[in-house]
$ cat upload.cif   # mmCIF, C-alpha atoms
data_structure
loop_
_atom_site.label_atom_id
_atom_site.label_comp_id
_atom_site.auth_asym_id
_atom_site.auth_seq_id
_atom_site.Cartn_x
_atom_site.Cartn_y
_atom_site.Cartn_z
CA MET B 1 4.27 -0.89 11.99
CA LYS B 2 5.60 0.25 8.61
CA SER B 3 4.53 3.01 6.28
CA MET B 4 3.76 2.19 2.65
CA THR B 5 5.71 5.29 1.61
CA GLY B 6 9.44 4.70 1.08
CA TYR B 7 12.38 5.69 -1.11
CA GLY B 8 15.82 4.43 -2.05
CA PHE B 9 18.43 5.54 -4.61
CA SER B 10 21.97 4.54 -5.54
CA GLU B 11 24.48 4.95 -8.38
CA PHE B 12 27.41 3.07 -9.93
CA SER B 13 30.01 4.07 -12.51
CA ASP B 14 33.23 2.77 -14.02
CA ASP B 15 35.11 3.28 -17.28
CA ALA B 16 32.46 1.45 -19.30
CA LEU B 17 29.18 2.19 -17.53
CA GLN B 18 27.13 4.76 -15.63
CA LEU B 19 24.10 3.32 -13.84
CA SER B 20 21.48 4.45 -11.32
CA VAL B 21 18.72 2.53 -9.54
CA GLU B 22 15.68 4.03 -7.81
CA LEU B 23 12.96 2.52 -5.65
CA LYS B 24 9.89 4.40 -4.47
CA SER B 25 6.49 3.44 -3.09
CA TRP B 26 3.19 4.93 -2.03
CA ASN B 27 -0.23 3.85 -0.76
CA ASN B 28 -2.08 0.99 -2.41
CA ARG B 29 -4.57 -1.57 -1.20
CA TYR B 30 -2.50 -4.48 -2.52
CA LEU B 31 1.11 -5.11 -3.52
CA ASP B 32 1.67 -3.72 -7.03
CA ILE B 33 5.26 -3.74 -8.33
CA SER B 34 6.33 -1.94 -11.51
CA VAL B 35 9.82 -2.60 -12.91
CA ASN B 36 11.18 -0.19 -15.53
CA LEU B 37 14.28 -1.50 -17.32
CA PRO B 38 16.10 -1.08 -20.61
CA PRO B 39 14.69 -3.82 -22.88
CA PHE B 40 17.86 -5.91 -22.96
CA LEU B 41 17.73 -6.25 -19.13
CA SER B 42 14.25 -7.80 -19.11
CA PRO B 43 15.66 -11.30 -18.28
CA LEU B 44 16.61 -9.89 -14.86
CA GLU B 45 13.14 -8.55 -14.01
CA SER B 46 11.96 -11.63 -12.07
CA ASP B 47 15.04 -11.49 -9.83
CA PHE B 48 14.35 -7.85 -9.01
CA ARG B 49 10.68 -8.54 -8.29
CA ASP B 50 11.49 -11.42 -5.95
CA ARG B 51 13.87 -9.28 -3.91
CA ILE B 52 11.30 -6.50 -3.58
CA LYS B 53 8.49 -8.93 -2.67
CA ALA B 54 10.62 -10.25 0.19
CA ARG B 55 10.54 -6.77 1.77
CA ALA B 56 7.00 -5.52 1.14
CA GLU B 57 3.46 -6.87 1.47
CA ARG B 58 1.38 -3.85 0.39
CA GLY B 59 1.85 -0.69 -1.61
CA LYS B 60 2.42 0.59 -5.14
CA ILE B 61 6.18 0.10 -5.70
CA GLU B 62 8.17 1.36 -8.67
CA PHE B 63 11.71 0.16 -9.36
CA SER B 64 13.70 1.66 -12.23
CA VAL B 65 17.16 1.21 -13.71
CA ARG B 66 18.79 3.89 -15.88
CA LEU B 67 22.14 3.33 -17.56
CA LYS B 68 24.57 4.83 -20.04
CA GLU B 69 27.18 2.70 -21.73
CA LEU B 70 30.48 4.60 -22.13
CA GLN B 71 32.12 1.75 -24.02
CA GLU B 72 30.27 -0.65 -26.28
CA GLU B 73 31.31 -3.89 -27.93
CA ILE B 74 29.67 -3.89 -31.36
CA GLU B 75 29.80 -6.63 -33.98
CA VAL B 76 28.99 -5.60 -37.56
CA ILE B 77 27.36 -8.32 -39.67
CA PRO B 78 26.70 -8.04 -43.42
CA ASP B 79 23.38 -9.34 -44.69
CA LEU B 80 24.48 -11.00 -47.93
CA LYS B 81 20.99 -11.71 -49.26
CA VAL B 82 19.95 -8.08 -48.83
CA ALA B 83 23.24 -6.91 -50.41
CA GLU B 84 22.78 -9.21 -53.40
CA SER B 85 19.23 -7.93 -53.95
CA TYR B 86 20.37 -4.29 -53.82
CA MET B 87 23.35 -4.97 -56.08
CA GLY B 88 21.19 -6.71 -58.68
CA ALA B 89 18.79 -3.77 -58.73
CA LEU B 90 21.66 -1.25 -58.99
CA ARG B 91 23.32 -3.13 -61.86
CA THR B 92 20.03 -3.28 -63.76
CA LEU B 93 19.62 0.45 -63.26
CA ALA B 94 23.23 1.16 -64.38
CA ASP B 95 22.89 -1.01 -67.49
CA THR B 96 19.59 0.62 -68.41
CA LEU B 97 21.04 4.12 -68.07
CA GLY B 98 24.36 3.20 -69.65
CA GLU B 99 26.32 4.03 -66.54
CA SER B 100 29.41 2.28 -65.24
CA SER B 101 28.85 -0.27 -62.45
CA SER B 102 32.22 0.48 -60.84
CA SER B 103 30.71 3.09 -58.53
CA LEU B 104 27.93 0.86 -57.22
CA PHE B 105 29.72 -0.46 -54.11
CA PRO B 106 29.72 2.84 -52.13
CA LEU B 107 26.03 3.17 -52.92
CA LEU B 108 25.45 -0.37 -51.68
CA LEU B 109 26.99 0.38 -48.28
CA ASN B 110 24.45 3.16 -47.68
CA MET B 111 21.45 0.92 -48.30
CA ASP B 112 19.30 0.01 -45.28
CA GLY B 113 19.90 -3.46 -43.87
CA VAL B 114 23.10 -4.24 -45.75
CA LEU B 115 25.18 -3.89 -42.61
CA LYS B 116 23.72 -4.74 -39.22
CA SER B 117 25.32 -3.89 -35.89
CA VAL B 118 24.83 -6.06 -32.82
CA LYS B 119 25.82 -4.96 -29.32
CA ASN B 120 27.50 -7.69 -27.32
CA ARG B 121 26.14 -7.41 -23.79
CA ASP B 122 26.93 -9.71 -20.89
CA ILE B 123 23.69 -9.86 -18.84
CA GLU B 124 25.51 -11.45 -15.91
CA ARG B 125 27.81 -8.45 -15.71
CA TYR B 126 24.81 -6.17 -15.28
CA ARG B 127 23.30 -8.55 -12.71
CA ARG B 128 26.50 -8.43 -10.65
CA VAL B 129 26.32 -4.64 -10.62
CA ILE B 130 22.57 -4.09 -10.12
CA ILE B 131 21.75 -6.73 -7.47
CA PRO B 132 24.09 -5.23 -4.81
CA LEU B 133 22.70 -1.77 -5.59
CA LEU B 134 19.14 -3.04 -5.23
CA ASP B 135 19.96 -4.68 -1.89
CA GLU B 136 21.54 -1.42 -0.77
CA ILE B 137 18.54 0.75 -1.64
CA LEU B 138 16.16 -1.82 -0.13
CA GLU B 139 17.87 -1.17 3.20
CA SER B 140 17.35 2.59 2.95
CA PHE B 141 13.85 1.95 1.61
CA GLU B 142 13.02 -0.16 4.67
CA HIS B 143 14.57 2.41 7.01
CA SER B 144 12.47 5.23 5.57
CA ARG B 145 9.28 3.13 5.81
CA ALA B 146 10.04 2.11 9.39
CA SER B 147 10.84 5.69 10.42
CA GLU B 148 7.61 7.07 8.98
CA GLY B 149 5.72 4.08 10.39
CA THR B 150 6.94 4.89 13.90
CA ALA B 151 5.62 8.44 13.63
CA THR B 152 2.33 7.19 12.20
CA LYS B 153 1.98 4.63 14.99
CA ALA B 154 2.44 7.34 17.64
CA HIS B 155 -0.31 9.42 16.05
CA ILE B 156 -2.63 6.42 15.80
CA LEU B 157 -2.12 5.41 19.42
CA SER B 158 -2.71 8.98 20.61
CA ASN B 159 -6.09 8.89 18.89
CA LEU B 160 -6.77 5.47 20.37
CA GLU B 161 -6.29 7.08 23.79
CA ARG B 162 -9.06 9.50 22.88
CA VAL B 163 -11.31 6.51 22.16
CA LYS B 164 -10.40 4.99 25.53
CA ASP B 165 -11.11 8.30 27.29
CA GLY B 166 -14.50 8.52 25.60
CA LEU B 167 -15.26 4.94 26.56
CA ALA B 168 -14.44 5.77 30.18
CA VAL B 169 -17.05 8.53 30.05
CA VAL B 170 -19.60 6.12 28.59
CA ARG B 171 -18.78 3.51 31.22
CA SER B 172 -19.16 6.00 34.07
CA GLY B 173 -22.49 7.22 32.66
CA ALA B 174 -23.91 3.79 31.84
CA ALA B 175 -25.62 3.44 35.24
CA ALA B 176 -27.19 6.90 34.89
CA LEU B 177 -28.38 5.97 31.41
CA GLU B 178 -30.07 2.83 32.73
CA LYS B 179 -31.56 4.77 35.63
CA LYS B 180 -32.97 7.33 33.22
CA LEU B 181 -34.42 4.56 31.07
CA TYR B 182 -35.99 2.94 34.15
CA ALA B 183 -37.54 6.25 35.22
CA ALA B 184 -38.95 6.85 31.75
CA LEU B 185 -40.47 3.37 31.63
CA LEU B 186 -41.93 3.74 35.12
CA GLU B 187 -43.55 7.01 34.14
CA ARG B 188 -44.94 5.43 31.02
CA PHE B 189 -46.44 2.54 33.00
CA LYS B 190 -48.08 5.02 35.35
CA GLN B 191 -49.62 6.86 32.42
CA LEU B 192 -50.95 3.67 30.89
CA THR B 193 -52.29 2.10 34.12
CA ASP B 194 -53.46 5.11 36.11
CA GLY B 195 -50.77 4.40 38.70
CA THR B 196 -51.81 0.80 39.45
CA PHE B 197 -49.42 -1.87 38.20
CA ASP B 198 -47.52 -4.96 39.35
CA GLU B 199 -44.04 -3.85 40.38
CA ASN B 200 -42.57 -7.29 39.61
CA ARG B 201 -44.01 -7.04 36.12
CA ILE B 202 -42.39 -3.68 35.50
CA LEU B 203 -39.06 -4.95 36.83
CA SER B 204 -39.12 -7.89 34.42
CA GLU B 205 -40.08 -5.60 31.54
CA VAL B 206 -37.31 -3.17 32.46
CA ALA B 207 -34.78 -6.02 32.55
CA VAL B 208 -35.72 -7.03 29.02
CA LEU B 209 -35.61 -3.46 27.75
CA LEU B 210 -32.28 -2.78 29.44
CA MET B 211 -30.80 -5.70 27.52
CA LYS B 212 -32.07 -4.08 24.34
CA TYR B 213 -31.40 -0.43 25.12
CA GLY B 214 -28.52 -0.61 27.61
CA VAL B 215 -24.90 -0.14 26.50
CA ALA B 216 -23.11 -2.72 28.66
CA GLU B 217 -22.55 -5.12 25.75
CA GLU B 218 -21.25 -2.36 23.52
CA ILE B 219 -18.83 -1.24 26.25
CA ASN B 220 -17.49 -4.77 26.64
CA ARG B 221 -17.08 -5.30 22.91
CA LEU B 222 -15.38 -1.92 22.47
CA ASP B 223 -12.99 -2.81 25.30
CA THR B 224 -12.14 -6.05 23.51
CA HIS B 225 -11.59 -4.32 20.16
CA ILE B 226 -9.28 -1.73 21.73
CA ALA B 227 -7.17 -4.39 23.44
CA HIS B 228 -6.95 -6.35 20.19
CA PHE B 229 -5.99 -3.20 18.29
CA GLU B 230 -3.15 -2.43 20.71
CA ALA B 231 -1.82 -6.00 20.44
CA ILE B 232 -1.84 -6.01 16.63
CA ALA B 233 -0.22 -2.57 16.47
CA GLU B 234 2.88 -4.03 18.14
CA GLN B 235 3.36 -6.71 15.48
CA GLU B 236 6.17 -6.38 12.94
CA ASN B 237 4.32 -7.75 9.91
CA ALA B 238 1.74 -5.98 7.74
CA VAL B 239 -1.08 -4.86 10.06
CA GLY B 240 -2.90 -2.13 8.14
CA LYS B 241 -5.84 -4.21 6.90
CA LYS B 242 -6.45 -5.86 10.29
CA LEU B 243 -6.39 -2.53 12.11
CA ASP B 244 -8.73 -0.94 9.58
CA PHE B 245 -11.19 -3.80 10.10
CA LEU B 246 -11.03 -3.27 13.88
CA CYS B 247 -11.71 0.44 13.34
CA GLN B 248 -14.88 -0.49 11.48
CA GLU B 249 -15.94 -2.71 14.39
CA MET B 250 -15.18 0.00 16.95
CA ASN B 251 -17.07 2.56 14.94
CA ARG B 252 -20.08 0.21 14.81
CA GLU B 253 -20.14 -0.09 18.61
CA VAL B 254 -19.75 3.67 19.07
CA ASN B 255 -22.62 4.32 16.66
CA THR B 256 -24.82 1.89 18.58
CA ILE B 257 -24.00 3.63 21.86
CA GLY B 258 -24.88 6.95 20.25
CA SER B 259 -28.21 5.65 18.99
CA LYS B 260 -29.17 4.47 22.49
CA ASN B 261 -27.90 7.50 24.39
CA THR B 262 -30.04 10.22 25.99
CA ILE B 263 -27.35 11.88 28.14
CA ALA B 264 -25.47 14.94 26.85
CA GLU B 265 -22.10 13.99 28.37
CA ILE B 266 -22.16 10.57 26.71
CA GLY B 267 -23.23 12.21 23.45
CA HIS B 268 -20.13 14.44 23.54
CA ALA B 269 -17.94 11.39 24.24
CA VAL B 270 -19.48 9.55 21.27
CA VAL B 271 -18.62 12.47 18.98
CA GLU B 272 -15.02 12.48 20.27
CA MET B 273 -14.66 8.74 19.76
CA LYS B 274 -16.05 8.87 16.22
CA GLU B 275 -13.65 11.66 15.27
CA ALA B 276 -10.69 9.80 16.80
CA ILE B 277 -11.55 6.58 14.96
CA GLU B 278 -11.87 8.47 11.68
CA ASN B 279 -8.43 10.01 12.28
CA ILE B 280 -7.02 6.53 12.91
CA ARG B 281 -8.50 5.20 9.68
CA GLU B 282 -7.04 8.15 7.78
CA GLN B 283 -3.57 7.32 9.12
CA LEU B 284 -4.01 3.60 8.44
CA ARG B 285 -4.30 4.32 4.72
CA ASN B 286 -0.51 4.69 4.74
CA VAL B 287 0.23 1.65 6.93
CA GLU B 288 1.41 -1.57 5.33
#
$ encode --input "upload.cif" --output "structure tokens"
Amino acid sequence: MKSMTGYGFSEFSDDALQLSVELKSWNNRYLDISVNLPPFLSPLESDFRDRIKARAERGKIEFSVRLKELQEEIEVIPDLKVAESYMGALRTLADTLGESSSSLFPLLLNMDGVLKSVKNRDIERYRRVIIPLLDEILESFEHSRASEGTATKAHILSNLERVKDGLAVVRSGAAALEKKLYAALLERFKQLTDGTFDENRILSEVAVLLMKYGVAEEINRLDTHIAHFEAIAEQENAVGKKLDFLCQEMNREVNTIGSKNTIAEIGHAVVEMKEAIENIREQLRNVE
């Protein structure tokens, strides 16, 4: 069982570059990955996403790269067409005003777009630096999720024990509940028939009503759900959605038991089970 909350961070630096990578995640119903990169690194985004997807199945995950280039390779390129246009305009202005054209060149160099600078960046160099860092923080990311998941699992299973304890109370009181139902039906028959009735008839009627108002089926189904829950909780893959669905099924059975109950002790057990299941569902919101 893994938590959806995790974190990883690492840094790299040399004479030409300072770089940091960060990975963090929190609860989300589906897998949602955000990758924040400097624009020139966008060709590497799919590689980063694939590596993250291999480690996570659910959660809102944010991966970011921040860098500072200490040394830059810059190529300066003149735009001749732009320069010619500016120079023609400047010469026309100089001739009109009677000024010398000898001082036009310094003015030309200050015009926008005459000189363009291009940074020469080797994307593969950045890939060779960032990929090992990402793999490194994915390990710490997984460790933090597993560690929190272990604590969450312990809390979930402790609440599941509360459900099992409540079910034991229901199971032990099921016979008393049926006996109480039988007595109530018998009394009702007496009232309706002035004490004269066919005992076989009442037994058949009671059998039908016990199937409708008894809790044996709910006990059996709840037992099955609990066993299934415990088995899934031991799996290594993403289990949060499956366990949440089982919680809904368990809650449905507990509610049905509560609606049929007329015994105070069972009523208290139903309240305990409902609270425990709600606590489990709260914890499952952070389980992958």
$ atom_distance --input "upload.cif" --atom1 "atom CA of Ser204 of chain B" --atom2 "atom CA of Tyr182 of chain B"
11.3 Å
$ atom_distance --input "upload.cif" --atom1 "atom CA of Ser144 of chain B" --atom2 "atom CA of Ala227 of chain B"
28.2 Å
$ residues_around --input "upload.cif" --residues "segment 157-165 of chain B" --least-positions-apart "3" --cutoff "12 Å" --atoms "only C-alpha atoms" --output "tab-separated table (two decimals) with C-alpha atoms, in the frame of the given file"
chain	number	residue	atom	x	y	z
B	1	MET	CA	4.27	-0.89	11.99
B	150	THR	CA	6.94	4.89	13.90
B	151	ALA	CA	5.62	8.44	13.63
B	152	THR	CA	2.33	7.19	12.20
B	153	LYS	CA	1.98	4.63	14.99
B	154	ALA	CA	2.44	7.34	17.64
B	168	ALA	CA	-14.44	5.77	30.18
B	169	VAL	CA	-17.05	8.53	30.05
B	170	VAL	CA	-19.60	6.12	28.59
B	171	ARG	CA	-18.78	3.51	31.22
B	172	SER	CA	-19.16	6.00	34.07
B	219	ILE	CA	-18.83	-1.24	26.25
B	222	LEU	CA	-15.38	-1.92	22.47
B	223	ASP	CA	-12.99	-2.81	25.30
B	224	THR	CA	-12.14	-6.05	23.51
B	225	HIS	CA	-11.59	-4.32	20.16
B	226	ILE	CA	-9.28	-1.73	21.73
B	227	ALA	CA	-7.17	-4.39	23.44
B	228	HIS	CA	-6.95	-6.35	20.19
B	229	PHE	CA	-5.99	-3.20	18.29
B	230	GLU	CA	-3.15	-2.43	20.71
B	231	ALA	CA	-1.82	-6.00	20.44
B	232	ILE	CA	-1.84	-6.01	16.63
B	233	ALA	CA	-0.22	-2.57	16.47
B	234	GLU	CA	2.88	-4.03	18.14
B	243	LEU	CA	-6.39	-2.53	12.11
B	246	LEU	CA	-11.03	-3.27	13.88
B	247	CYS	CA	-11.71	0.44	13.34
B	250	MET	CA	-15.18	0.00	16.95
B	251	ASN	CA	-17.07	2.56	14.94
B	253	GLU	CA	-20.14	-0.09	18.61
B	254	VAL	CA	-19.75	3.67	19.07
B	266	ILE	CA	-22.16	10.57	26.71
B	268	HIS	CA	-20.13	14.44	23.54
B	269	ALA	CA	-17.94	11.39	24.24
B	270	VAL	CA	-19.48	9.55	21.27
B	271	VAL	CA	-18.62	12.47	18.98
B	272	GLU	CA	-15.02	12.48	20.27
B	273	MET	CA	-14.66	8.74	19.76
B	274	LYS	CA	-16.05	8.87	16.22
B	275	GLU	CA	-13.65	11.66	15.27
B	276	ALA	CA	-10.69	9.80	16.80
B	277	ILE	CA	-11.55	6.58	14.96
B	278	GLU	CA	-11.87	8.47	11.68
B	279	ASN	CA	-8.43	10.01	12.28
B	280	ILE	CA	-7.02	6.53	12.91
B	281	ARG	CA	-8.50	5.20	9.68
B	282	GLU	CA	-7.04	8.15	7.78
B	283	GLN	CA	-3.57	7.32	9.12
B	284	LEU	CA	-4.01	3.60	8.44
$ resolve_selection --input "upload.cif" --expression "the PyMOL selection byres ((chain B and resi 57) around 6)" --output "PyMOL selection string"
chain B and resi 31+56+58
$ axis_aligned_box --input "upload.cif" --around "segment 144-153 of chain B" --padding-each-side "8 Å" --output "lines of an AutoDock Vina configuration file"
center_x = 7.2
center_y = 5.3
center_z = 10.3
size_x = 26.5
size_y = 22.3
size_z = 25.4
$ atom_distance --input "upload.cif" --atom1 "atom CA of Asp135 of chain B" --atom2 "atom CA of Ala54 of chain B"
11.1 Å
$ closest_atom_pairs --input "upload.cif" --of "segment 94-181 of chain B" --to "segment 9-19 of chain B" --cutoff "8 Å" --atoms "only C-alpha atoms" --output "tab-separated table"
residue	atom	partner	partner_atom	distance
B:Val129	CA	B:Phe12	CA	7.8
B:Leu133	CA	B:Ser10	CA	6.4
B:Glu136	CA	B:Ser10	CA	7.6
B:Ile137	CA	B:Phe9	CA	5.6
$ closest_residue --input "upload.cif" --among "B:Ile123, B:Lys81, B:Gly59, B:Leu107" --to "Pro43 of chain B" --atoms "only C-alpha atoms"
B:Ile123
$ residues_around --input "upload.cif" --residues "segment 32-34 of chain B" --least-positions-apart "5" --cutoff "7 Å" --atoms "only C-alpha atoms" --output "ChimeraX atom specification"
/B:59-63
$ resolve_selection --input "upload.cif" --expression "the PyMOL selection byres ((chain B and resi 262) around 12)" --output "PyMOL selection string"
chain B and resi 170+173-174+176-181+184+213-215+257-261+263-268+270
$ closest_residue --input "upload.cif" --among "B:Met87, B:Leu80, B:Phe141, B:Leu115" --to "Ser103 of chain B" --atoms "all atoms listed in the file"
B:Met87
